There are 2 protein chains.
Amino acid sequence: MFTLAEENYLKAIFHLEHESAGDVSTNAIAESMDTKPSSVTDMIQKLAEKKLLVYKRYKGAQLSDTGRKVAINVIRKHRLWEVFLVEKLNFHWDEVHEIAEQLEHIQSEELITRLDKFLGSPDFDPHGDPIPDKHGVLKRTEKKLLSEIEKNQKGVCVGVKESSAEFLQYLDKKKISIGTKIKVLGKEFFDGSMIIQIGNDQFFISNKIAENLYVQTQE
Amino acid sequence: MFTLAEENYLKAIFHLEHESAGDVSTNAIAESMDTKPSSVTDMIQKLAEKKLLVYKRYKGAQLSDTGRKVAINVIRKHRLWEVFLVEKLNFHWDEVHEIAEQLEHIQSEELITRLDKFLGSPDFDPHGDPIPDKHGVLKRTEKKLLSEIEKNQKGVCVGVKESSAEFLQYLDKKKISIGTKIKVLGKEFFDGSMIIQIGNDQFFISNKIAENLYVQTQE
DNA sequence: TTTTATTTTTAGACAAGACTAAAATAAATC
DNA sequence: GATTTATTTTAGTCTTGTCTAAAAATAAAA
């Protein structure tokens, strides 16, 4: 249906639309896709002709409803494959992105339907990002940074803000992953550091960590 | 490492080399890949420059050792994914080819190592074709056509010769699939038809069926 | 051994998707 | 408001992989 390049552009534009309001600039797309602005102009003009986005010269791009649908479907596939790689093939959550970037372009509705079922229709990927359902509907999560949680409150780890390999490896060492339940036992005012409890273990974490970890607070 | 087109050419040439002896002709490749001979000439010249095959003008092509290694690796991936689709996602064996054609090009050694392990290192794909191991070694099967089996001999169904959707569906209806044990109870001389036993059921099959079903006779 | 037919290759063109260099537009500064 | 700076677009080129049409080599037939 759509080429690999087209799908990647739509996906990138979708993500950029959610990072800041308004139209997405040519330069922003170029930077996020590690390509040149002139190449981006070429492509968004083609995508505009195909009605996958709305484009005005010098004014940036904005996904159309159909364009958004395509983007969300690619993201759904990406995240489902990530679950597969981590849950079934025992990859670490910091190893799966590149492979999922390839798998997300496999064309077969039936495949994704069955994969979803096989995985138990997960709502979140291994990084805690929500997986859109068949109709593109995302489970809305009220996720906060761990640093925003008050003393004695609990939360479930649902993702990370900055996903550098070093940070993910730190979390791995501390046995923190998606679904890990965290309770804030104490919070230091002057530097934002915390004492937290995971299972029966209690330990200290710095503000830098707490500001990069998303948790979902229990209603 | 290699492009999608390159991998497909190498795979096609590998299969053609096993269908008949000698160099593989330009026309044969073109036909098997549903493309034009001139396109094939272009590509095999490029592949020859990359030392993936040996090519002499007007004399056809022949895979080099490295070319064969690449082809076998693609076939390994294709067949492992077919096992995954049938065993884990419950696809029918006549639905998986197209999807596996896409999945076979996913680039990640680690992925295939883990997929193989996850599937229990299968020796055969759902069509009964052998799956090359990590080093490209194929389990040698002494497979015969069912029509070649003598009365009172037994065999295990390992594959089909012509895999048209109609034929595969016929087999499905008769509950014949890979691993099915078949015993020849009687053989009619003049038309080659047979009475066979599968489990506790006995039934009649025509020569046309018997000539399209591969079985492995027990040593 | 010519002639004819078939196969294969070359030459030239095209689409997708990228690039560089230069021009056009918009934003920022004086 | 004029000018400098940054962003975006155009024009032209390149690579990959394909095609058509025509030429060249091989194989088959007379």
# chains A, B, ... in the order shown; residues from 1 in each chain; ligands from 1
$ closest_atom_pairs --of "range 7-108 of chain A" --to "range 6-12 of chain D" --cutoff "9 Å" --atoms "only C-alpha atoms (C1' of nucleotides)" --output "CSV"
residue,atom,partner,partner_atom,distance
A:Thr26,CA,D:DT8,C1',7.3
A:Asn27,CA,D:DT7,C1',7.7
A:Pro37,CA,D:DT8,C1',7.7
A:Ser38,CA,D:DT9,C1',7.3
A:Thr41,CA,D:DT9,C1',7.2
A:Arg57,CA,D:DT9,C1',7.9
A:Tyr58,CA,D:DT8,C1',5.6
A:Lys59,CA,D:DT8,C1',8.7
$ interface_residues --of "chain A" --to "chain C" --cutoff "9 Å" --atoms "only C-alpha atoms (C1' of nucleotides)" --output "ChimeraX atom specification"
/A:5,35-36,38-39,42-43,58
$ write_last_selection --atoms "all heavy atoms" --output "PDB file, in the first residue's frame"
ATOM      1  N   ALA A   5       9.533   4.281   2.819  1.00  0.00           N
ATOM      2  CA  ALA A   5       9.889   5.682   3.063  1.00  0.00           C
ATOM      3  C   ALA A   5       8.656   6.494   3.459  1.00  0.00           C
ATOM      4  O   ALA A   5       8.698   7.282   4.404  1.00  0.00           O
ATOM      5  CB  ALA A   5      10.541   6.278   1.823  1.00  0.00           C
ATOM      6  N   THR A  35      18.014  13.290   7.716  1.00  0.00           N
ATOM      7  CA  THR A  35      18.083  13.477   6.268  1.00  0.00           C
ATOM      8  C   THR A  35      18.157  14.971   5.987  1.00  0.00           C
ATOM      9  O   THR A  35      18.205  15.773   6.920  1.00  0.00           O
ATOM     10  CB  THR A  35      16.867  12.815   5.582  1.00  0.00           C
ATOM     11  OG1 THR A  35      17.003  12.909   4.188  1.00  0.00           O
ATOM     12  CG2 THR A  35      15.580  13.473   6.010  1.00  0.00           C
ATOM     13  N   LYS A  36      18.169  15.373   4.724  1.00  0.00           N
ATOM     14  CA  LYS A  36      18.314  16.781   4.378  1.00  0.00           C
ATOM     15  C   LYS A  36      16.953  17.437   4.145  1.00  0.00           C
ATOM     16  O   LYS A  36      16.036  16.799   3.619  1.00  0.00           O
ATOM     17  CB  LYS A  36      19.144  16.931   3.109  1.00  0.00           C
ATOM     18  CG  LYS A  36      20.527  16.340   3.216  1.00  0.00           C
ATOM     19  CD  LYS A  36      21.421  17.166   4.125  1.00  0.00           C
ATOM     20  CE  LYS A  36      22.662  16.369   4.486  1.00  0.00           C
ATOM     21  NZ  LYS A  36      23.520  17.067   5.465  1.00  0.00           N
ATOM     22  N   SER A  38      15.917  19.380   1.902  1.00  0.00           N
ATOM     23  CA  SER A  38      15.443  19.343   0.515  1.00  0.00           C
ATOM     24  C   SER A  38      14.764  18.001   0.208  1.00  0.00           C
ATOM     25  O   SER A  38      13.776  17.949  -0.522  1.00  0.00           O
ATOM     26  CB  SER A  38      16.591  19.593  -0.445  1.00  0.00           C
ATOM     27  OG  SER A  38      17.625  18.657  -0.245  1.00  0.00           O
ATOM     28  N   SER A  39      15.285  16.944   0.790  1.00  0.00           N
ATOM     29  CA  SER A  39      14.658  15.634   0.599  1.00  0.00           C
ATOM     30  C   SER A  39      13.274  15.612   1.233  1.00  0.00           C
ATOM     31  O   SER A  39      12.331  15.030   0.678  1.00  0.00           O
ATOM     32  CB  SER A  39      15.512  14.536   1.225  1.00  0.00           C
ATOM     33  OG  SER A  39      16.845  14.622   0.788  1.00  0.00           O
ATOM     34  N   ASP A  42      10.731  17.367  -0.960  1.00  0.00           N
ATOM     35  CA  ASP A  42      10.315  16.450  -2.029  1.00  0.00           C
ATOM     36  C   ASP A  42       9.217  15.517  -1.536  1.00  0.00           C
ATOM     37  O   ASP A  42       8.163  15.374  -2.154  1.00  0.00           O
ATOM     38  CB  ASP A  42      11.501  15.598  -2.494  1.00  0.00           C
ATOM     39  CG  ASP A  42      12.423  16.357  -3.434  1.00  0.00           C
ATOM     40  OD1 ASP A  42      12.062  17.481  -3.838  1.00  0.00           O
ATOM     41  OD2 ASP A  42      13.498  15.834  -3.751  1.00  0.00           O
ATOM     42  N   MET A  43       9.513  14.857  -0.418  1.00  0.00           N
ATOM     43  CA  MET A  43       8.598  13.822   0.038  1.00  0.00           C
ATOM     44  C   MET A  43       7.266  14.380   0.519  1.00  0.00           C
ATOM     45  O   MET A  43       6.212  13.836   0.200  1.00  0.00           O
ATOM     46  CB  MET A  43       9.264  13.003   1.147  1.00  0.00           C
ATOM     47  CG  MET A  43       8.409  11.862   1.646  1.00  0.00           C
ATOM     48  SD  MET A  43       7.846  10.699   0.349  1.00  0.00           S
ATOM     49  CE  MET A  43       8.993   9.361   0.582  1.00  0.00           C
ATOM     50  N   TYR A  58       6.457  26.707   2.560  1.00  0.00           N
ATOM     51  CA  TYR A  58       7.107  27.488   3.622  1.00  0.00           C
ATOM     52  C   TYR A  58       6.363  27.432   4.957  1.00  0.00           C
ATOM     53  O   TYR A  58       6.755  28.095   5.901  1.00  0.00           O
ATOM     54  CB  TYR A  58       7.301  28.959   3.195  1.00  0.00           C
ATOM     55  CG  TYR A  58       8.276  29.116   2.058  1.00  0.00           C
ATOM     56  CD1 TYR A  58       7.824  29.295   0.756  1.00  0.00           C
ATOM     57  CD2 TYR A  58       9.643  29.055   2.288  1.00  0.00           C
ATOM     58  CE1 TYR A  58       8.721  29.426  -0.298  1.00  0.00           C
ATOM     59  CE2 TYR A  58      10.542  29.174   1.243  1.00  0.00           C
ATOM     60  CZ  TYR A  58      10.087  29.370  -0.048  1.00  0.00           C
ATOM     61  OH  TYR A  58      10.974  29.496  -1.082  1.00  0.00           O
TER      62      TYR A  58
END
$ select_by_dssp --residues "range 43-77 of chain B" --states "strand (DSSP E or B)" --output "list in words"
Leu53, Val54, Tyr55, Ala61, Gln62 and Leu63 of chain B
$ write_last_selection --atoms "N, CA, C and O atoms" --output "mmCIF file, in the first residue's frame"
data_model
loop_
_atom_site.group_PDB
_atom_site.id
_atom_site.type_symbol
_atom_site.label_atom_id
_atom_site.label_comp_id
_atom_site.auth_asym_id
_atom_site.auth_seq_id
_atom_site.Cartn_x
_atom_site.Cartn_y
_atom_site.Cartn_z
ATOM 1 N N LEU B 53 28.335 -14.222 -7.478
ATOM 2 C CA LEU B 53 28.140 -15.291 -8.443
ATOM 3 C C LEU B 53 29.151 -15.165 -9.574
ATOM 4 O O LEU B 53 29.820 -14.151 -9.717
ATOM 5 N N VAL B 54 29.237 -16.229 -10.350
ATOM 6 C CA VAL B 54 30.146 -16.237 -11.495
ATOM 7 C C VAL B 54 29.295 -16.108 -12.748
ATOM 8 O O VAL B 54 28.293 -16.806 -12.888
ATOM 9 N N TYR B 55 29.692 -15.193 -13.603
ATOM 10 C CA TYR B 55 28.868 -14.878 -14.765
ATOM 11 C C TYR B 55 29.731 -14.757 -16.014
ATOM 12 O O TYR B 55 30.761 -14.086 -16.000
ATOM 13 N N ALA B 61 24.485 -17.824 -15.097
ATOM 14 C CA ALA B 61 25.124 -17.550 -13.818
ATOM 15 C C ALA B 61 25.210 -18.790 -12.938
ATOM 16 O O ALA B 61 24.506 -19.776 -13.157
ATOM 17 N N GLN B 62 26.054 -18.672 -11.937
ATOM 18 C CA GLN B 62 26.336 -19.770 -11.016
ATOM 19 C C GLN B 62 26.753 -19.128 -9.700
ATOM 20 O O GLN B 62 27.667 -18.295 -9.676
ATOM 21 N N LEU B 63 26.120 -19.480 -8.606
ATOM 22 C CA LEU B 63 26.435 -18.837 -7.333
ATOM 23 C C LEU B 63 27.859 -19.131 -6.888
ATOM 24 O O LEU B 63 28.355 -20.244 -7.084
#
$ interface_residues --of "chain A" --to "chain B" --cutoff "10 Å" --atoms "only C-alpha atoms" --output "PyMOL selection string"
chain A and resi 85+88-91+96+98-103+105-108+110-119
$ write_last_selection --atoms "N, CA, C and O atoms" --output "mmCIF file, in the first residue's frame"
data_model
loop_
_atom_site.group_PDB
_atom_site.id
_atom_site.type_symbol
_atom_site.label_atom_id
_atom_site.label_comp_id
_atom_site.auth_asym_id
_atom_site.auth_seq_id
_atom_site.Cartn_x
_atom_site.Cartn_y
_atom_site.Cartn_z
ATOM 1 N N LEU A 85 9.275 -9.300 20.857
ATOM 2 C CA LEU A 85 10.721 -9.487 20.996
ATOM 3 C C LEU A 85 11.140 -9.625 22.465
ATOM 4 O O LEU A 85 11.997 -10.436 22.795
ATOM 5 N N LYS A 88 8.575 -12.811 24.212
ATOM 6 C CA LYS A 88 8.709 -14.165 23.662
ATOM 7 C C LYS A 88 10.147 -14.545 23.336
ATOM 8 O O LYS A 88 10.544 -15.688 23.517
ATOM 9 N N LEU A 89 10.903 -13.584 22.828
ATOM 10 C CA LEU A 89 12.282 -13.920 22.444
ATOM 11 C C LEU A 89 13.314 -13.458 23.472
ATOM 12 O O LEU A 89 14.526 -13.601 23.257
ATOM 13 N N ASN A 90 12.817 -12.911 24.609
ATOM 14 C CA ASN A 90 13.703 -12.549 25.714
ATOM 15 C C ASN A 90 14.786 -11.537 25.383
ATOM 16 O O ASN A 90 15.866 -11.566 25.971
ATOM 17 N N PHE A 91 14.482 -10.650 24.472
ATOM 18 C CA PHE A 91 15.390 -9.524 24.265
ATOM 19 C C PHE A 91 15.255 -8.560 25.442
ATOM 20 O O PHE A 91 14.214 -8.531 26.112
ATOM 21 N N VAL A 96 15.516 -3.723 21.285
ATOM 22 C CA VAL A 96 14.486 -4.102 20.323
ATOM 23 C C VAL A 96 14.103 -3.041 19.289
ATOM 24 O O VAL A 96 13.474 -3.352 18.284
ATOM 25 N N GLU A 98 15.637 -1.174 16.927
ATOM 26 C CA GLU A 98 16.112 -1.313 15.538
ATOM 27 C C GLU A 98 15.377 -2.419 14.788
ATOM 28 O O GLU A 98 14.992 -2.244 13.631
ATOM 29 N N ILE A 99 15.200 -3.542 15.457
ATOM 30 C CA ILE A 99 14.532 -4.672 14.799
ATOM 31 C C ILE A 99 13.062 -4.344 14.546
ATOM 32 O O ILE A 99 12.518 -4.619 13.475
ATOM 33 N N ALA A 100 12.434 -3.709 15.525
ATOM 34 C CA ALA A 100 11.021 -3.335 15.363
ATOM 35 C C ALA A 100 10.851 -2.307 14.245
ATOM 36 O O ALA A 100 9.819 -2.276 13.571
ATOM 37 N N GLU A 101 11.884 -1.485 14.031
ATOM 38 C CA GLU A 101 11.830 -0.512 12.930
ATOM 39 C C GLU A 101 11.680 -1.217 11.585
ATOM 40 O O GLU A 101 11.116 -0.677 10.643
ATOM 41 N N GLN A 102 12.226 -2.409 11.501
ATOM 42 C CA GLN A 102 12.095 -3.184 10.267
ATOM 43 C C GLN A 102 10.764 -3.928 10.242
ATOM 44 O O GLN A 102 10.040 -3.907 9.251
ATOM 45 N N LEU A 103 10.442 -4.575 11.354
ATOM 46 C CA LEU A 103 9.237 -5.410 11.397
ATOM 47 C C LEU A 103 7.958 -4.594 11.208
ATOM 48 O O LEU A 103 6.957 -5.102 10.694
ATOM 49 N N HIS A 105 7.124 -2.630 9.127
ATOM 50 C CA HIS A 105 6.723 -2.409 7.729
ATOM 51 C C HIS A 105 6.202 -3.662 7.031
ATOM 52 O O HIS A 105 5.845 -3.609 5.855
ATOM 53 N N ILE A 106 6.162 -4.769 7.738
ATOM 54 C CA ILE A 106 5.620 -5.997 7.149
ATOM 55 C C ILE A 106 4.134 -5.772 6.876
ATOM 56 O O ILE A 106 3.387 -5.316 7.740
ATOM 57 N N GLN A 107 3.735 -6.096 5.640
ATOM 58 C CA GLN A 107 2.369 -5.808 5.208
ATOM 59 C C GLN A 107 1.482 -7.039 5.351
ATOM 60 O O GLN A 107 1.591 -7.961 4.549
ATOM 61 N N SER A 108 0.628 -7.051 6.337
ATOM 62 C CA SER A 108 -0.383 -8.093 6.477
ATOM 63 C C SER A 108 -1.261 -7.789 7.683
ATOM 64 O O SER A 108 -0.829 -7.915 8.826
ATOM 65 N N GLU A 110 -3.805 -9.469 8.676
ATOM 66 C CA GLU A 110 -4.055 -10.722 9.386
ATOM 67 C C GLU A 110 -2.918 -11.063 10.349
ATOM 68 O O GLU A 110 -3.153 -11.511 11.471
ATOM 69 N N LEU A 111 -1.692 -10.838 9.879
ATOM 70 C CA LEU A 111 -0.531 -11.107 10.731
ATOM 71 C C LEU A 111 -0.616 -10.332 12.037
ATOM 72 O O LEU A 111 -0.406 -10.883 13.123
ATOM 73 N N ILE A 112 -0.948 -9.064 11.950
ATOM 74 C CA ILE A 112 -0.977 -8.219 13.140
ATOM 75 C C ILE A 112 -2.148 -8.614 14.048
ATOM 76 O O ILE A 112 -2.010 -8.649 15.271
ATOM 77 N N THR A 113 -3.266 -8.936 13.437
ATOM 78 C CA THR A 113 -4.410 -9.406 14.224
ATOM 79 C C THR A 113 -4.014 -10.626 15.059
ATOM 80 O O THR A 113 -4.295 -10.708 16.252
ATOM 81 N N ARG A 114 -3.331 -11.572 14.385
ATOM 82 C CA ARG A 114 -2.955 -12.796 15.083
ATOM 83 C C ARG A 114 -1.831 -12.573 16.083
ATOM 84 O O ARG A 114 -1.810 -13.169 17.164
ATOM 85 N N LEU A 115 -0.891 -11.706 15.728
ATOM 86 C CA LEU A 115 0.207 -11.410 16.652
ATOM 87 C C LEU A 115 -0.345 -10.791 17.925
ATOM 88 O O LEU A 115 0.035 -11.167 19.037
ATOM 89 N N ASP A 116 -1.250 -9.845 17.747
ATOM 90 C CA ASP A 116 -1.890 -9.176 18.883
ATOM 91 C C ASP A 116 -2.547 -10.186 19.813
ATOM 92 O O ASP A 116 -2.354 -10.158 21.023
ATOM 93 N N LYS A 117 -3.270 -11.105 19.214
ATOM 94 C CA LYS A 117 -3.960 -12.141 19.988
ATOM 95 C C LYS A 117 -2.950 -13.035 20.704
ATOM 96 O O LYS A 117 -3.098 -13.345 21.890
ATOM 97 N N PHE A 118 -1.920 -13.432 19.954
ATOM 98 C CA PHE A 118 -0.865 -14.296 20.501
ATOM 99 C C PHE A 118 -0.208 -13.670 21.726
ATOM 100 O O PHE A 118 0.148 -14.354 22.688
ATOM 101 N N LEU A 119 -0.082 -12.348 21.707
ATOM 102 C CA LEU A 119 0.581 -11.639 22.806
ATOM 103 C C LEU A 119 -0.400 -11.280 23.925
ATOM 104 O O LEU A 119 -0.006 -10.680 24.920
#
$ select_by_dssp --residues "range 17-67 of chain B" --states "alpha helix (DSSP H)" --output "ChimeraX atom specification"
/B:17-19,26-33,37-49,65-67
$ residues_around --residues "range 126-135 of chain A" --least-positions-apart "4" --cutoff "6 Å" --atoms "only C-alpha atoms (C1' of nucleotides)" --output "PyMOL selection string"
chain A and resi 76+83+93+158-159
$ write_last_selection --atoms "N, CA and C atoms" --output "compact mmCIF listing (two decimals), in the first residue's frame"
# COMPACT_ATOMS: atom_id res chain seq x y z
N ARG A 76 1.38 1.01 15.89
CA ARG A 76 0.79 -0.18 16.50
C ARG A 76 1.64 -1.42 16.20
N VAL A 83 6.82 -5.93 21.91
CA VAL A 83 6.34 -6.83 22.96
C VAL A 83 6.76 -8.26 22.63
N TRP A 93 14.78 -4.75 26.76
CA TRP A 93 13.98 -3.66 26.19
C TRP A 93 14.81 -2.59 25.50
N VAL A 158 5.83 2.87 33.91
CA VAL A 158 5.25 2.67 32.58
C VAL A 158 6.16 3.14 31.44
N GLY A 159 7.29 3.72 31.77
CA GLY A 159 8.16 4.16 30.69
C GLY A 159 9.25 5.09 31.14
$ closest_residue --among "A:Lys181, A:His18, A:Lys50, A:Lys56" --to "chain D" --atoms "only C-alpha atoms (C1' of nucleotides)"
A:Lys56
$ atom_distance --atom1 "CA of Ile182 in chain B" --atom2 "CA of Val215 in chain B"
8.3 Å
$ closest_atom_pairs --of "chain D" --to "chain B" --cutoff "9 Å" --atoms "only C-alpha atoms (C1' of nucleotides)" --output "CSV"
residue,atom,partner,partner_atom,distance
D:DG17,C1',B:Ser39,CA,7.9
D:DT18,C1',B:Ser39,CA,6.6
D:DC19,C1',B:Ser39,CA,7.9
D:DA25,C1',B:Tyr58,CA,7.3
D:DT26,C1',B:Tyr58,CA,7.8
$ atom_distance --atom1 "CA of Leu168 in chain A" --atom2 "CA of Glu7 in chain A"
27.5 Å
$ decode --residues "range 195-213 of chain B" --atoms "N, CA, C and O atoms" --output "PDB file, in the first residue's frame"
ATOM      1  N   ILE B 195      -5.058 -47.197  -1.890  1.00  0.00           N
ATOM      2  CA  ILE B 195      -5.808 -47.161  -0.644  1.00  0.00           C
ATOM      3  C   ILE B 195      -4.774 -46.914   0.454  1.00  0.00           C
ATOM      4  O   ILE B 195      -3.775 -47.640   0.542  1.00  0.00           O
ATOM      5  N   ILE B 196      -4.983 -45.859   1.213  1.00  0.00           N
ATOM      6  CA  ILE B 196      -4.022 -45.569   2.277  1.00  0.00           C
ATOM      7  C   ILE B 196      -4.721 -45.506   3.624  1.00  0.00           C
ATOM      8  O   ILE B 196      -5.941 -45.351   3.711  1.00  0.00           O
ATOM      9  N   GLN B 197      -3.891 -45.634   4.662  1.00  0.00           N
ATOM     10  CA  GLN B 197      -4.423 -45.554   6.024  1.00  0.00           C
ATOM     11  C   GLN B 197      -3.749 -44.412   6.764  1.00  0.00           C
ATOM     12  O   GLN B 197      -2.526 -44.269   6.757  1.00  0.00           O
ATOM     13  N   ILE B 198      -4.580 -43.601   7.384  1.00  0.00           N
ATOM     14  CA  ILE B 198      -4.074 -42.520   8.230  1.00  0.00           C
ATOM     15  C   ILE B 198      -4.788 -42.646   9.554  1.00  0.00           C
ATOM     16  O   ILE B 198      -6.010 -42.491   9.625  1.00  0.00           O
ATOM     17  N   GLY B 199      -4.047 -42.958  10.597  1.00  0.00           N
ATOM     18  CA  GLY B 199      -4.677 -43.221  11.877  1.00  0.00           C
ATOM     19  C   GLY B 199      -5.572 -44.428  11.735  1.00  0.00           C
ATOM     20  O   GLY B 199      -5.125 -45.486  11.290  1.00  0.00           O
ATOM     21  N   ASN B 200      -6.843 -44.255  12.062  1.00  0.00           N
ATOM     22  CA  ASN B 200      -7.755 -45.374  11.903  1.00  0.00           C
ATOM     23  C   ASN B 200      -8.601 -45.271  10.634  1.00  0.00           C
ATOM     24  O   ASN B 200      -9.390 -46.153  10.346  1.00  0.00           O
ATOM     25  N   ASP B 201      -8.409 -44.174   9.921  1.00  0.00           N
ATOM     26  CA  ASP B 201      -9.181 -43.988   8.694  1.00  0.00           C
ATOM     27  C   ASP B 201      -8.464 -44.588   7.491  1.00  0.00           C
ATOM     28  O   ASP B 201      -7.242 -44.487   7.373  1.00  0.00           O
ATOM     29  N   GLN B 202      -9.259 -45.198   6.618  1.00  0.00           N
ATOM     30  CA  GLN B 202      -8.701 -45.695   5.369  1.00  0.00           C
ATOM     31  C   GLN B 202      -9.424 -44.985   4.239  1.00  0.00           C
ATOM     32  O   GLN B 202     -10.625 -44.833   4.301  1.00  0.00           O
ATOM     33  N   PHE B 203      -8.706 -44.546   3.256  1.00  0.00           N
ATOM     34  CA  PHE B 203      -9.397 -44.012   2.091  1.00  0.00           C
ATOM     35  C   PHE B 203      -8.593 -44.096   0.808  1.00  0.00           C
ATOM     36  O   PHE B 203      -7.408 -44.428   0.801  1.00  0.00           O
ATOM     37  N   PHE B 204      -9.314 -43.798  -0.258  1.00  0.00           N
ATOM     38  CA  PHE B 204      -8.804 -43.910  -1.608  1.00  0.00           C
ATOM     39  C   PHE B 204      -8.204 -42.582  -2.064  1.00  0.00           C
ATOM     40  O   PHE B 204      -8.762 -41.524  -1.795  1.00  0.00           O
ATOM     41  N   ILE B 205      -7.043 -42.641  -2.704  1.00  0.00           N
ATOM     42  CA  ILE B 205      -6.526 -41.417  -3.322  1.00  0.00           C
ATOM     43  C   ILE B 205      -6.073 -41.720  -4.747  1.00  0.00           C
ATOM     44  O   ILE B 205      -5.594 -42.806  -5.050  1.00  0.00           O
ATOM     45  N   SER B 206      -6.216 -40.723  -5.599  1.00  0.00           N
ATOM     46  CA  SER B 206      -5.856 -40.902  -7.004  1.00  0.00           C
ATOM     47  C   SER B 206      -4.349 -40.768  -7.183  1.00  0.00           C
ATOM     48  O   SER B 206      -3.640 -40.269  -6.307  1.00  0.00           O
ATOM     49  N   ASN B 207      -3.873 -41.201  -8.333  1.00  0.00           N
ATOM     50  CA  ASN B 207      -2.462 -41.093  -8.660  1.00  0.00           C
ATOM     51  C   ASN B 207      -1.998 -39.643  -8.676  1.00  0.00           C
ATOM     52  O   ASN B 207      -0.881 -39.318  -8.285  1.00  0.00           O
ATOM     53  N   LYS B 208      -2.884 -38.756  -9.096  1.00  0.00           N
ATOM     54  CA  LYS B 208      -2.522 -37.337  -9.168  1.00  0.00           C
ATOM     55  C   LYS B 208      -2.112 -36.804  -7.790  1.00  0.00           C
ATOM     56  O   LYS B 208      -1.178 -36.018  -7.658  1.00  0.00           O
ATOM     57  N   ILE B 209      -2.841 -37.262  -6.790  1.00  0.00           N
ATOM     58  CA  ILE B 209      -2.493 -36.858  -5.422  1.00  0.00           C
ATOM     59  C   ILE B 209      -1.173 -37.514  -5.001  1.00  0.00           C
ATOM     60  O   ILE B 209      -0.256 -36.849  -4.518  1.00  0.00           O
ATOM     61  N   ALA B 210      -1.089 -38.826  -5.232  1.00  0.00           N
ATOM     62  CA  ALA B 210       0.090 -39.582  -4.785  1.00  0.00           C
ATOM     63  C   ALA B 210       1.374 -39.070  -5.428  1.00  0.00           C
ATOM     64  O   ALA B 210       2.455 -39.176  -4.852  1.00  0.00           O
ATOM     65  N   GLU B 211       1.247 -38.493  -6.599  1.00  0.00           N
ATOM     66  CA  GLU B 211       2.435 -37.983  -7.290  1.00  0.00           C
ATOM     67  C   GLU B 211       2.821 -36.578  -6.857  1.00  0.00           C
ATOM     68  O   GLU B 211       3.796 -36.025  -7.357  1.00  0.00           O
ATOM     69  N   ASN B 212       2.048 -35.992  -5.981  1.00  0.00           N
ATOM     70  CA  ASN B 212       2.353 -34.635  -5.529  1.00  0.00           C
ATOM     71  C   ASN B 212       2.650 -34.537  -4.042  1.00  0.00           C
ATOM     72  O   ASN B 212       2.802 -33.452  -3.504  1.00  0.00           O
ATOM     73  N   LEU B 213       2.713 -35.723  -3.416  1.00  0.00           N
ATOM     74  CA  LEU B 213       2.911 -35.741  -1.969  1.00  0.00           C
ATOM     75  C   LEU B 213       4.239 -36.407  -1.641  1.00  0.00           C
ATOM     76  O   LEU B 213       4.482 -37.562  -2.034  1.00  0.00           O
TER      77      LEU B 213
END
